[in-house]
$ cat upload_25.tsv   # TSV, C-alpha atoms and all ligand atoms
chain	number	residue	atom	x	y	z
A	148	MET	CA	6.38	-11.27	-19.35
A	149	SER	CA	6.43	-14.56	-17.46
A	150	SER	CA	6.37	-14.51	-13.66
A	151	LYS	CA	9.62	-14.38	-11.73
A	152	LYS	CA	10.09	-17.15	-9.20
A	153	ILE	CA	10.64	-15.61	-5.78
A	154	GLY	CA	11.93	-16.91	-2.46
A	155	ILE	CA	11.66	-15.07	0.86
A	156	LEU	CA	14.19	-15.67	3.64
A	157	GLY	CA	12.66	-14.87	7.02
A	158	ALA	CA	9.05	-15.09	5.83
A	159	SER	CA	7.80	-15.60	9.41
A	160	GLY	CA	9.03	-12.11	10.33
A	161	TYR	CA	7.39	-8.75	9.74
A	162	THR	CA	9.36	-7.60	6.70
A	163	GLY	CA	9.12	-11.06	5.14
A	164	ALA	CA	5.36	-11.08	5.70
A	165	ASP	CA	4.91	-7.66	4.09
A	166	ALA	CA	6.96	-8.86	1.13
A	167	VAL	CA	4.52	-11.79	0.86
A	168	ARG	CA	1.50	-9.45	1.14
A	169	LEU	CA	2.76	-7.25	-1.72
A	170	LEU	CA	4.27	-9.96	-3.95
A	171	ALA	CA	1.14	-12.11	-3.74
A	172	ARG	CA	-0.66	-9.42	-5.80
A	173	HIS	CA	2.33	-8.47	-7.98
A	174	PRO	CA	1.56	-9.10	-11.66
A	175	ASN	CA	4.99	-10.64	-12.42
A	176	ALA	CA	5.85	-12.55	-9.26
A	177	GLU	CA	5.26	-16.11	-8.11
A	178	ILE	CA	6.18	-16.95	-4.52
A	179	VAL	CA	7.80	-20.40	-4.61
A	180	ALA	CA	9.82	-20.63	-1.38
A	181	LEU	CA	9.40	-19.28	2.15
A	182	THR	CA	11.91	-19.85	4.93
A	183	ALA	CA	11.84	-19.60	8.70
A	184	ASN	CA	13.92	-20.59	11.68
A	185	THR	CA	11.85	-21.47	14.78
A	186	HIS	CA	8.66	-21.52	12.66
A	187	ALA	CA	10.03	-23.91	10.02
A	188	GLY	CA	7.61	-26.75	9.30
A	189	LYS	CA	4.51	-24.56	9.84
A	190	SER	CA	2.14	-23.27	7.20
A	191	MET	CA	2.16	-19.52	6.51
A	192	GLY	CA	-1.54	-19.41	7.44
A	193	ASP	CA	-0.68	-20.74	10.92
A	194	VAL	CA	1.95	-18.08	11.47
A	195	PHE	CA	0.04	-15.20	9.83
A	196	PRO	CA	-3.72	-15.91	9.83
A	197	HIS	CA	-4.40	-12.84	7.64
A	198	PHE	CA	-3.06	-14.84	4.66
A	199	PHE	CA	-6.04	-17.24	4.82
A	200	MET	CA	-6.96	-16.51	1.18
A	201	LEU	CA	-3.54	-17.35	-0.27
A	202	ASP	CA	-2.14	-20.70	-1.32
A	203	LEU	CA	1.47	-20.32	-0.13
A	204	PRO	CA	4.42	-22.71	0.16
A	205	LYS	CA	5.13	-24.12	3.60
A	206	LEU	CA	7.83	-22.47	5.76
A	207	VAL	CA	11.09	-24.43	5.57
A	208	GLU	CA	14.69	-24.01	6.76
A	209	TRP	CA	16.69	-22.04	4.19
A	210	GLU	CA	19.03	-25.00	3.57
A	211	LYS	CA	16.08	-27.01	2.20
A	212	VAL	CA	15.34	-24.64	-0.69
A	213	ASP	CA	16.62	-25.45	-4.20
A	214	TRP	CA	17.95	-21.96	-4.92
A	215	SER	CA	18.98	-22.87	-8.47
A	216	LYS	CA	15.31	-22.69	-9.54
A	217	LEU	CA	14.68	-19.14	-8.31
A	218	ASP	CA	15.00	-15.75	-10.04
A	219	ALA	CA	15.11	-13.58	-6.90
A	220	VAL	CA	15.37	-13.82	-3.14
A	221	PHE	CA	14.17	-11.30	-0.56
A	222	CYS	CA	16.06	-11.46	2.70
A	223	GLY	CA	14.38	-10.43	5.98
A	224	LEU	CA	16.84	-11.99	8.42
A	225	PRO	CA	18.35	-10.38	11.52
A	226	HIS	CA	21.53	-8.42	10.79
A	227	GLY	CA	24.63	-10.50	11.38
A	228	THR	CA	22.91	-13.72	10.25
A	229	THR	CA	22.41	-12.60	6.66
A	230	GLN	CA	25.89	-12.43	5.13
A	231	GLU	CA	26.80	-16.12	5.30
A	232	ILE	CA	23.32	-17.25	4.20
A	233	ILE	CA	23.35	-14.90	1.19
A	234	ALA	CA	26.87	-16.08	0.30
A	235	ALA	CA	25.60	-19.69	0.31
A	236	VAL	CA	22.52	-18.82	-1.76
A	237	LEU	CA	24.67	-17.02	-4.34
A	238	LYS	CA	27.05	-19.96	-4.46
A	239	ALA	CA	24.10	-22.26	-5.22
A	240	ASN	CA	22.78	-19.85	-7.86
A	241	PRO	CA	25.18	-17.10	-8.98
A	242	LYS	CA	22.47	-15.55	-11.17
A	243	ILE	CA	19.82	-15.06	-8.50
A	244	LYS	CA	18.90	-11.42	-7.74
A	245	VAL	CA	19.22	-10.60	-4.02
A	246	LEU	CA	17.14	-7.96	-2.27
A	247	ASP	CA	18.53	-7.76	1.23
A	248	MET	CA	16.43	-5.88	3.77
A	249	SER	CA	18.91	-6.34	6.64
A	250	ALA	CA	21.85	-4.08	7.45
A	251	ASP	CA	24.55	-6.58	6.47
A	252	PHE	CA	25.64	-5.09	3.14
A	253	ARG	CA	24.80	-1.39	3.53
A	254	LEU	CA	28.03	0.04	4.94
A	255	ARG	CA	30.73	0.26	2.30
A	256	ASP	CA	33.65	0.81	4.64
A	257	LYS	CA	34.69	-2.45	6.26
A	258	SER	CA	36.15	-0.85	9.37
A	259	THR	CA	32.96	1.19	9.91
A	260	TYR	CA	31.01	-2.07	9.61
A	261	ALA	CA	33.26	-3.83	12.14
A	262	GLN	CA	33.08	-0.87	14.52
A	263	TRP	CA	29.25	-0.66	14.53
A	264	TYR	CA	28.34	-4.33	14.21
A	265	GLY	CA	31.05	-5.70	16.52
A	266	HIS	CA	32.70	-8.18	14.14
A	267	GLU	CA	34.58	-8.36	10.87
A	268	HIS	CA	32.30	-8.76	7.87
A	269	ARG	CA	32.00	-12.43	6.94
A	270	ALA	CA	31.39	-11.94	3.18
A	271	LEU	CA	33.73	-9.07	2.30
A	272	GLU	CA	33.66	-9.62	-1.46
A	273	LEU	CA	29.88	-9.42	-1.50
A	274	GLN	CA	29.95	-6.33	0.73
A	275	GLY	CA	32.09	-4.71	-1.98
A	276	GLU	CA	29.69	-5.82	-4.70
A	277	ALA	CA	26.44	-4.70	-3.03
A	278	VAL	CA	24.63	-1.62	-4.35
A	279	TYR	CA	22.92	0.64	-1.80
A	280	GLY	CA	19.22	0.34	-2.56
A	281	LEU	CA	17.88	3.85	-2.04
A	282	THR	CA	15.98	3.65	-5.31
A	283	GLU	CA	15.64	7.35	-6.07
A	284	PHE	CA	19.44	7.91	-5.96
A	285	TYR	CA	20.91	4.61	-7.15
A	286	ARG	CA	18.48	3.66	-9.92
A	287	GLU	CA	21.08	3.06	-12.60
A	288	LYS	CA	23.35	0.89	-10.43
A	289	ILE	CA	20.38	-1.05	-9.04
A	290	THR	CA	19.18	-1.88	-12.55
A	291	SER	CA	22.34	-3.85	-13.28
A	292	ALA	CA	23.04	-5.14	-9.75
A	293	ARG	CA	22.91	-8.69	-8.47
A	294	LEU	CA	22.90	-7.82	-4.75
A	295	VAL	CA	21.01	-4.78	-3.48
A	296	ALA	CA	21.36	-3.67	0.15
A	297	CYS	CA	18.04	-1.97	0.78
A	298	PRO	CA	18.42	0.87	3.29
A	299	GLY	CA	17.06	0.77	6.81
A	300	CYS	CA	13.72	2.35	7.55
A	301	TYR	CA	15.18	5.33	9.45
A	302	PRO	CA	17.88	6.00	6.80
A	303	THR	CA	15.28	5.89	4.00
A	304	ALA	CA	13.09	8.46	5.75
A	305	ALA	CA	15.99	10.73	6.72
A	306	LEU	CA	17.94	10.48	3.46
A	307	LEU	CA	15.00	11.19	1.16
A	308	ALA	CA	14.48	14.43	3.09
A	309	LEU	CA	18.13	15.47	3.32
A	310	VAL	CA	20.12	14.16	0.32
A	311	PRO	CA	18.76	16.67	-2.26
A	312	LEU	CA	19.43	19.52	0.20
A	313	ALA	CA	23.00	18.35	0.89
A	314	LYS	CA	23.63	17.85	-2.84
A	315	ALA	CA	22.44	21.37	-3.67
A	316	LYS	CA	24.52	22.75	-0.74
A	317	LEU	CA	21.45	24.47	0.69
A	318	ILE	CA	22.12	23.28	4.24
A	319	ASP	CA	25.12	23.09	6.55
A	320	VAL	CA	25.81	19.34	6.59
A	321	ASP	CA	27.76	19.67	9.84
A	322	ASP	CA	24.67	20.84	11.70
A	323	ILE	CA	21.92	18.25	11.15
A	324	VAL	CA	19.77	16.92	13.99
A	325	ILE	CA	17.44	14.03	13.12
A	326	ASP	CA	14.72	13.22	15.61
A	327	ALA	CA	13.01	9.97	14.56
A	328	LYS	CA	10.01	7.98	15.75
A	329	SER	CA	9.13	4.42	14.78
A	330	GLY	CA	6.18	2.11	15.32
A	331	VAL	CA	6.97	-1.11	17.19
A	332	THR	CA	7.00	-3.40	14.12
A	333	GLY	CA	10.36	-1.71	13.45
A	334	ALA	CA	11.76	-3.99	16.16
A	335	GLY	CA	10.58	-7.22	14.49
A	336	ARG	CA	8.09	-9.88	15.56
A	337	GLY	CA	10.24	-11.64	18.13
A	338	LEU	CA	9.34	-11.21	21.80
A	339	LYS	CA	11.16	-8.31	23.43
A	340	GLN	CA	10.41	-6.62	26.71
A	341	ASN	CA	10.39	-3.08	25.30
A	342	THR	CA	7.77	-3.92	22.66
A	343	LEU	CA	5.31	-5.58	25.06
A	344	PHE	CA	1.97	-3.73	25.00
A	345	SER	CA	2.35	-2.97	28.70
A	346	GLU	CA	5.69	-1.24	28.12
A	347	ALA	CA	5.25	0.34	24.67
A	348	GLY	CA	1.49	0.91	24.56
A	349	GLU	CA	1.22	4.12	26.52
A	350	GLY	CA	4.58	5.78	26.30
A	351	LEU	CA	7.17	7.31	24.02
A	352	SER	CA	10.67	5.96	24.60
A	353	PRO	CA	13.98	7.19	23.24
A	354	TYR	CA	16.55	4.44	22.71
A	355	SER	CA	20.15	4.00	21.49
A	356	VAL	CA	20.59	7.74	22.03
A	357	GLY	CA	23.79	8.88	20.37
A	358	THR	CA	24.74	5.28	19.58
A	359	HIS	CA	22.25	3.94	17.01
A	360	ARG	CA	23.78	1.91	14.15
A	361	HIS	CA	21.74	3.82	11.57
A	362	ALA	CA	23.82	6.98	12.23
A	363	PRO	CA	26.84	5.74	10.19
A	364	GLU	CA	24.50	4.62	7.40
A	365	ILE	CA	22.91	8.07	7.22
A	366	GLU	CA	26.36	9.70	7.42
A	367	GLN	CA	27.66	7.51	4.59
A	368	GLU	CA	24.96	8.71	2.20
A	369	ILE	CA	24.82	12.38	3.24
A	370	GLY	CA	28.61	12.29	2.87
A	371	VAL	CA	28.24	11.04	-0.72
A	372	ALA	CA	25.72	13.81	-1.46
A	373	ALA	CA	27.80	16.54	0.14
A	374	GLY	CA	31.12	15.28	-1.22
A	375	SER	CA	32.72	15.27	2.24
A	376	ALA	CA	32.56	13.22	5.44
A	377	VAL	CA	29.80	14.34	7.82
A	378	THR	CA	28.69	13.60	11.37
A	379	ILE	CA	25.00	13.85	12.18
A	380	ASN	CA	22.95	13.71	15.33
A	381	PHE	CA	20.32	10.93	15.24
A	382	THR	CA	17.92	9.99	18.02
A	383	PRO	CA	15.31	7.26	17.51
A	384	HIS	CA	12.17	6.77	19.61
A	385	LEU	CA	9.69	3.93	19.94
A	386	ILE	CA	6.12	5.17	19.62
A	387	PRO	CA	2.88	3.31	20.44
A	388	MET	CA	1.63	2.35	16.99
A	389	ALA	CA	2.22	-0.79	14.90
A	390	ARG	CA	3.68	0.70	11.71
A	391	GLY	CA	4.97	4.01	10.51
A	392	GLU	CA	7.91	6.25	10.95
A	393	LEU	CA	8.40	10.01	11.11
A	394	CYS	CA	11.71	11.90	11.00
A	395	THR	CA	11.94	15.53	12.03
A	396	SER	CA	15.23	16.96	10.80
A	397	TYR	CA	16.49	20.30	12.11
A	398	VAL	CA	18.82	22.01	9.66
A	399	LYS	CA	20.89	25.20	9.39
A	400	LEU	CA	20.45	27.07	6.13
A	401	ASN	CA	23.42	27.90	3.90
A	402	GLY	CA	22.14	31.27	2.71
A	403	ALA	CA	18.94	29.59	1.42
A	404	THR	CA	15.32	30.07	2.52
A	405	PRO	CA	12.88	27.34	3.61
A	406	ASP	CA	11.08	27.93	0.29
A	407	ASP	CA	14.36	27.17	-1.52
A	408	LEU	CA	14.53	23.85	0.32
A	409	ARG	CA	10.97	22.97	-0.72
A	410	SER	CA	11.73	23.94	-4.34
A	411	ALA	CA	14.88	21.77	-4.35
A	412	LEU	CA	12.91	18.80	-3.02
A	413	GLU	CA	10.09	19.39	-5.53
A	414	GLN	CA	12.62	19.48	-8.33
A	415	ALA	CA	14.46	16.36	-7.10
A	416	TYR	CA	11.24	14.35	-6.86
A	417	ALA	CA	9.22	15.85	-9.75
A	418	ASN	CA	9.27	12.54	-11.66
A	419	GLU	CA	9.35	10.17	-8.72
A	420	PRO	CA	6.31	7.94	-8.39
A	421	PHE	CA	6.56	7.44	-4.63
A	422	VAL	CA	8.08	10.59	-3.09
A	423	HIS	CA	5.67	13.44	-2.53
A	424	VAL	CA	6.65	16.92	-1.36
A	425	ALA	CA	3.81	18.48	0.62
A	426	ARG	CA	2.75	21.98	-0.35
A	427	LYS	CA	3.56	24.84	2.03
A	428	GLY	CA	1.53	24.60	5.24
A	429	VAL	CA	0.84	20.85	4.94
A	430	LEU	CA	2.53	18.68	7.57
A	431	PRO	CA	3.39	15.05	6.80
A	432	GLN	CA	1.89	12.50	9.17
A	433	THR	CA	2.27	8.73	9.33
A	434	GLN	CA	-1.42	8.12	8.55
A	435	ASN	CA	-0.89	9.56	5.05
A	436	VAL	CA	1.44	6.73	4.03
A	437	ARG	CA	0.45	3.78	6.25
A	438	GLY	CA	0.48	0.50	4.31
A	439	SER	CA	1.75	2.23	1.16
A	440	ASN	CA	5.10	2.68	-0.60
A	441	TYR	CA	4.74	6.47	-0.55
A	442	VAL	CA	6.90	8.96	1.31
A	443	GLN	CA	5.70	12.44	2.24
A	444	ILE	CA	8.12	15.29	2.95
A	445	GLY	CA	7.34	18.79	4.24
A	446	VAL	CA	9.43	21.88	4.98
A	447	VAL	CA	8.69	24.47	7.67
A	448	ALA	CA	10.60	27.66	8.55
A	449	ASP	CA	12.05	27.64	12.06
A	450	ARG	CA	11.45	30.65	14.33
A	451	ILE	CA	15.22	30.72	14.74
A	452	LYS	CA	16.79	32.71	11.93
A	453	ASN	CA	18.57	30.66	9.26
A	454	ARG	CA	17.08	27.37	10.34
A	455	ALA	CA	14.37	25.08	8.93
A	456	ILE	CA	12.60	21.88	9.90
A	457	VAL	CA	12.17	19.09	7.35
A	458	ILE	CA	9.63	16.38	8.18
A	459	SER	CA	9.49	13.04	6.37
A	460	THR	CA	7.27	10.02	6.87
A	461	LEU	CA	7.00	6.47	5.52
A	462	ASP	CA	5.73	3.03	6.44
A	463	ASN	CA	8.72	1.10	7.84
A	464	LEU	CA	7.46	-2.20	6.42
A	465	VAL	CA	6.77	-0.83	2.93
A	466	LYS	CA	9.06	1.98	1.64
A	467	GLY	CA	11.17	1.31	4.76
A	468	SER	CA	11.78	-2.35	3.74
A	469	ALA	CA	9.61	-4.73	1.65
A	470	GLY	CA	8.13	-2.08	-0.69
A	471	GLN	CA	11.48	-0.49	-1.51
A	472	ALA	CA	12.91	-3.99	-2.06
A	473	ILE	CA	10.12	-4.74	-4.58
A	474	GLN	CA	10.67	-1.35	-6.26
A	475	ASN	CA	14.32	-2.38	-6.67
A	476	MET	CA	13.39	-5.86	-7.91
A	477	ASN	CA	11.18	-4.23	-10.56
A	478	LEU	CA	14.17	-2.24	-11.79
A	479	MET	CA	16.44	-5.30	-11.80
A	480	PHE	CA	13.95	-7.24	-13.96
A	481	GLY	CA	13.10	-4.34	-16.27
A	482	LEU	CA	9.52	-4.23	-14.98
A	483	PRO	CA	7.52	-1.01	-14.46
A	484	GLU	CA	8.98	0.40	-11.25
A	485	THR	CA	5.57	0.79	-9.65
A	486	ALA	CA	4.36	-2.77	-10.36
A	487	GLY	CA	2.63	-4.22	-7.32
A	488	LEU	CA	3.20	-1.07	-5.29
A	489	GLU	CA	0.44	1.37	-6.07
A	490	GLN	CA	-1.64	0.86	-2.95
A	491	ILE	CA	-2.89	4.09	-1.37
A	492	ALA	CA	-2.44	4.59	2.39
A	493	LEU	CA	-4.81	2.80	4.75
A	494	PHE	CA	-6.40	5.88	6.33
A	495	PRO	CA	-7.47	6.42	9.07
B	501	LIG	N1	10.89	-4.29	10.91
B	501	LIG	C1	11.24	-3.24	10.19
B	501	LIG	O1	10.55	-2.23	10.14
B	501	LIG	C2	12.49	-3.26	9.39
B	501	LIG	C3	13.42	-4.27	9.52
B	501	LIG	N2	14.55	-4.27	8.77
B	501	LIG	C4	15.52	-5.35	8.88
B	501	LIG	O2	15.01	-6.49	8.18
B	501	LIG	C5	15.40	-7.69	8.84
B	501	LIG	C6	14.13	-8.46	9.24
B	501	LIG	O3	13.39	-7.67	10.15
B	501	LIG	P1	11.98	-8.16	10.73
B	501	LIG	O4	11.21	-8.80	9.66
B	501	LIG	O5	11.43	-7.00	11.45
B	501	LIG	O6	12.48	-9.27	11.79
B	501	LIG	P2	11.63	-10.41	12.51
B	501	LIG	O7	12.30	-10.63	13.82
B	501	LIG	O8	10.19	-10.08	12.50
B	501	LIG	O9	11.87	-11.71	11.58
B	501	LIG	C7	13.12	-12.34	11.48
B	501	LIG	C8	13.02	-13.54	10.55
B	501	LIG	O10	14.30	-14.15	10.45
B	501	LIG	C9	14.20	-15.54	10.82
B	501	LIG	N3	15.45	-15.89	11.51
B	501	LIG	C10	15.90	-15.42	12.70
B	501	LIG	N4	17.12	-15.94	12.98
B	501	LIG	C11	17.44	-16.75	11.95
B	501	LIG	C12	18.55	-17.59	11.66
B	501	LIG	N5	19.59	-17.67	12.51
B	501	LIG	N6	18.55	-18.30	10.52
B	501	LIG	C13	17.51	-18.24	9.66
B	501	LIG	N7	16.41	-17.47	9.87
B	501	LIG	C14	16.39	-16.73	11.00
B	501	LIG	C15	12.99	-15.61	11.71
B	501	LIG	O11	12.48	-16.93	11.75
B	501	LIG	P3	11.52	-17.49	12.94
B	501	LIG	O12	10.45	-16.48	13.15
B	501	LIG	O13	10.99	-18.77	12.39
B	501	LIG	O14	12.40	-17.70	14.12
B	501	LIG	C16	12.06	-14.62	11.02
B	501	LIG	O15	11.48	-15.22	9.90
B	501	LIG	C17	16.27	-7.27	10.03
B	501	LIG	O16	17.60	-7.29	9.65
B	501	LIG	C18	15.76	-5.86	10.30
B	501	LIG	O17	16.65	-5.12	11.03
B	501	LIG	C19	14.78	-3.29	7.82
B	501	LIG	C20	13.90	-2.26	7.65
B	501	LIG	C21	12.70	-2.15	8.45
B	502	LIG	C1	11.87	0.30	16.38
B	502	LIG	C2	13.15	-0.44	16.13
B	502	LIG	O1	13.64	-1.16	16.99
B	502	LIG	N1	13.71	-0.29	14.94
B	502	LIG	C3	14.95	-0.93	14.51
B	502	LIG	C4	15.29	-0.49	13.12
B	502	LIG	C5	14.78	-1.40	12.07
B	502	LIG	C6	15.69	-1.37	10.87
B	502	LIG	O2	15.53	-0.71	9.89
B	502	LIG	O3	16.81	-2.04	11.08
B	502	LIG	P1	17.94	-2.58	10.12
B	502	LIG	O4	18.99	-1.59	9.99
B	502	LIG	O5	18.47	-3.78	10.78
B	502	LIG	O6	17.32	-2.89	8.84
B	502	LIG	C7	16.13	-0.54	15.40
B	502	LIG	O7	16.15	0.54	15.94
B	502	LIG	O8	17.11	-1.32	15.41

$ encode --input "upload_25.tsv" --output "structure tokens"
Amino acid sequence: MSSKKIGILGASGYTGADAVRLLARHPNAEIVALTANTHAGKSMGDVFPHFFMLDLPKLVEWEKVDWSKLDAVFCGLPHGTTQEIIAAVLKANPKIKVLDMSADFRLRDKSTYAQWYGHEHRALELQGEAVYGLTEFYREKITSARLVACPGCYPTAALLALVPLAKAKLIDVDDIVIDAKSGVTGAGRGLKQNTLFSEAGEGLSPYSVGTHRHAPEIEQEIGVAAGSAVTINFTPHLIPMARGELCTSYVKLNGATPDDLRSALEQAYANEPFVHVARKGVLPQTQNVRGSNYVQIGVVADRIKNRAIVISTLDNLVKGSAGQAIQNMNLMFGLPETAGLEQIALFP
């Protein structure tokens, strides 16, 4: 099959750069356009010196790209800025496949979007068209989609652990506590006080406690699995490492045992190339998936009767964004789902 011509919006950011890293070695992809905002006009090698071996297009403003010549666009722009840019790209080329890594098209309910993002959605028709890009649960819809809203890094980690359990009614969906930790690349490459080495390097900080915008996204999808609206508890933390994410979910059992939970997860992911259920006694850790598109999930019995702890881990820049987006692109183009994504974790 000939190579697909790919553009990356926000290529000077972390998710955009990981999309470049993976697509540069993808057997069916050719990177033909890279965009930036403040870094427009620079070469990719100036912005990311680790790409010294690649011959990449220069970073340009998104308006300067001829979108009609592209097959797919990856979008790594800040949430809120994405919707109008994607609408313009699709107007220029209605056939282009869009893999959005931002939050702009993930929430289906327009009032929930307005409530959590502070403004009315500015591309409502596209919001209605977008398919939620959690590959393992929306494969069929993704295959025929034009616009895929790839889930956030925290929702991907939490949902892969919890959706099969909610679907099988093994847990009480009204009693879920998700305690999540993310490396600092989760906050993007822009300068921010809380990600300075001096403030993030030697501490563990909770943030957006009880108010994080990923809570409604997680609730939306657990609600779909359970068949009823749910409210979850979600607390994210910033942890002193560059990449990686770990979610510890505390659940109440619905007459099931922790072994039943593990069996349900094993069954759900038996044929999945990237989701691995750890055997009893093995605890997932971020080092097992760092730099890879894999997810590791483990189940442990709680000392409290009728409760269990489900631990899931992924790399926020791979399965948590660019990797999952490429997995979805592979489906949309009828390519092997694992193409370009079979790297093993960089351990230690
Ligand atoms: N980091 C992560 O782990 C994850 C991030 N996401 C989401 O993906 C998106 C990208 O995240 P990330 O890569 O970390 O972000 P970064 O801050 O690292 O990069 C943002 C990119 O967007 C460009 N940009 C910023 N503002 C504008 C604008 N107004 N118009 C055009 N381009 C603009 C920047 O250009 P320049 O640098 O030139 O100014 C840069 O290329 C976000 O929506 C984020 O929430 C999703 C999952 C995981
Ligand atoms: C550590 C950190 O700051 N993480 C980001 C989540 C990154 C992400 O997935 O955000 P999107 O929903 O925009 O894609 C945050 O908490 O906002």

$ closest_atom_pairs --input "upload_25.tsv" --of "chain A" --to "ligand LIG 501 (chain B)" --cutoff "6 Å" --atoms "only C-alpha atoms and all ligand atoms" --output "JSON lines"
{"residue": "A:Gly157", "atom": "CA", "partner": "B:LIG501", "partner_atom": "O15", "distance": 3.1}
{"residue": "A:Ala158", "atom": "CA", "partner": "B:LIG501", "partner_atom": "O15", "distance": 4.7}
{"residue": "A:Ser159", "atom": "CA", "partner": "B:LIG501", "partner_atom": "O15", "distance": 3.7}
{"residue": "A:Gly160", "atom": "CA", "partner": "B:LIG501", "partner_atom": "O9", "distance": 3.1}
{"residue": "A:Tyr161", "atom": "CA", "partner": "B:LIG501", "partner_atom": "O4", "distance": 3.8}
{"residue": "A:Thr162", "atom": "CA", "partner": "B:LIG501", "partner_atom": "O4", "distance": 3.7}
{"residue": "A:Gly163", "atom": "CA", "partner": "B:LIG501", "partner_atom": "O4", "distance": 5.5}
{"residue": "A:Ala183", "atom": "CA", "partner": "B:LIG501", "partner_atom": "O13", "distance": 3.9}
{"residue": "A:Asn184", "atom": "CA", "partner": "B:LIG501", "partner_atom": "O13", "distance": 3.5}
{"residue": "A:Thr185", "atom": "CA", "partner": "B:LIG501", "partner_atom": "O13", "distance": 3.7}
{"residue": "A:His186", "atom": "CA", "partner": "B:LIG501", "partner_atom": "O13", "distance": 3.6}
{"residue": "A:Ala187", "atom": "CA", "partner": "B:LIG501", "partner_atom": "O13", "distance": 5.7}
{"residue": "A:Gly223", "atom": "CA", "partner": "B:LIG501", "partner_atom": "C6", "distance": 3.8}
{"residue": "A:Leu224", "atom": "CA", "partner": "B:LIG501", "partner_atom": "O10", "distance": 3.9}
{"residue": "A:Pro225", "atom": "CA", "partner": "B:LIG501", "partner_atom": "O16", "distance": 3.7}
{"residue": "A:His226", "atom": "CA", "partner": "B:LIG501", "partner_atom": "O16", "distance": 4.2}
{"residue": "A:Thr228", "atom": "CA", "partner": "B:LIG501", "partner_atom": "N5", "distance": 5.6}
{"residue": "A:Met248", "atom": "CA", "partner": "B:LIG501", "partner_atom": "O2", "distance": 4.7}
{"residue": "A:Ser249", "atom": "CA", "partner": "B:LIG501", "partner_atom": "O16", "distance": 3.4}
{"residue": "A:Ala250", "atom": "CA", "partner": "B:LIG501", "partner_atom": "O16", "distance": 5.8}
{"residue": "A:Gly299", "atom": "CA", "partner": "B:LIG501", "partner_atom": "C20", "distance": 4.5}
{"residue": "A:Cys300", "atom": "CA", "partner": "B:LIG501", "partner_atom": "C20", "distance": 4.6}
{"residue": "A:Thr332", "atom": "CA", "partner": "B:LIG501", "partner_atom": "N1", "distance": 5.1}
{"residue": "A:Gly333", "atom": "CA", "partner": "B:LIG501", "partner_atom": "O1", "distance": 3.4}
{"residue": "A:Ala334", "atom": "CA", "partner": "B:LIG501", "partner_atom": "N1", "distance": 5.3}
{"residue": "A:Gly335", "atom": "CA", "partner": "B:LIG501", "partner_atom": "O5", "distance": 3.2}
{"residue": "A:Arg336", "atom": "CA", "partner": "B:LIG501", "partner_atom": "O8", "distance": 3.7}
{"residue": "A:Gly337", "atom": "CA", "partner": "B:LIG501", "partner_atom": "O7", "distance": 4.9}
{"residue": "A:Asn463", "atom": "CA", "partner": "B:LIG501", "partner_atom": "O1", "distance": 4.4}
{"residue": "A:Leu464", "atom": "CA", "partner": "B:LIG501", "partner_atom": "O1", "distance": 4.8}
{"residue": "A:Gly467", "atom": "CA", "partner": "B:LIG501", "partner_atom": "C21", "distance": 5.3}
{"residue": "A:Ser468", "atom": "CA", "partner": "B:LIG501", "partner_atom": "C20", "distance": 4.4}

$ atom_distance --input "upload_25.tsv" --atom1 "atom N1 of ligand LIG 502 (chain B)" --atom2 "atom CA of A:Leu385"
7.7 Å

$ residues_around --input "upload_25.tsv" --residues "stretch 373-376 of chain A" --least-positions-apart "5" --cutoff "8 Å" --atoms "all atoms listed in the file" --output "VMD selection string"
chain A and resid 313 to 314 316 320 366 to 367

$ closest_residue --input "upload_25.tsv" --among "A:Trp209, A:Tyr301, A:Trp214, A:Phe284" --to "ligand LIG 502 (chain B)" --atoms "all atoms listed in the file"
A:Tyr301

$ atom_distance --input "upload_25.tsv" --atom1 "atom CA of A:Ala486" --atom2 "atom CA of A:Tyr441"
13.5 Å

$ residues_around --input "upload_25.tsv" --residues "A:Glu276" --least-positions-apart "2" --cutoff "9 Å" --atoms "only C-alpha atoms" --output "list in words"
Phe252, Leu271, Glu272, Leu273, Gln274, Val278, Ala292, Arg293, Leu294 and Val295 of chain A

$ residues_around --input "upload_25.tsv" --residues "stretch 175-181 of chain A" --least-positions-apart "5" --cutoff "7 Å" --atoms "all atoms listed in the file" --output "JSON, numbers by chain"
{"A": [149, 150, 151, 152, 153, 154, 155, 156, 158, 170, 204, 205, 206, 207, 212]}

$ closest_atom_pairs --input "upload_25.tsv" --of "stretch 255-321 of chain A" --to "stretch 470-484 of chain A" --cutoff "8 Å" --atoms "all atoms listed in the file" --output "JSON lines"
{"residue": "A:Gly280", "atom": "CA", "partner": "A:Asn475", "partner_atom": "CA", "distance": 6.9}
{"residue": "A:Leu281", "atom": "CA", "partner": "A:Gln471", "partner_atom": "CA", "distance": 7.8}
{"residue": "A:Thr282", "atom": "CA", "partner": "A:Asn475", "partner_atom": "CA", "distance": 6.4}
{"residue": "A:Arg286", "atom": "CA", "partner": "A:Leu478", "partner_atom": "CA", "distance": 7.5}
{"residue": "A:Ile289", "atom": "CA", "partner": "A:Met479", "partner_atom": "CA", "distance": 6.4}
{"residue": "A:Thr290", "atom": "CA", "partner": "A:Met479", "partner_atom": "CA", "distance": 4.4}
{"residue": "A:Ser291", "atom": "CA", "partner": "A:Met479", "partner_atom": "CA", "distance": 6.3}
{"residue": "A:Ala292", "atom": "CA", "partner": "A:Met479", "partner_atom": "CA", "distance": 6.9}
{"residue": "A:Val295", "atom": "CA", "partner": "A:Asn475", "partner_atom": "CA", "distance": 7.8}
{"residue": "A:Cys297", "atom": "CA", "partner": "A:Ala472", "partner_atom": "CA", "distance": 6.2}
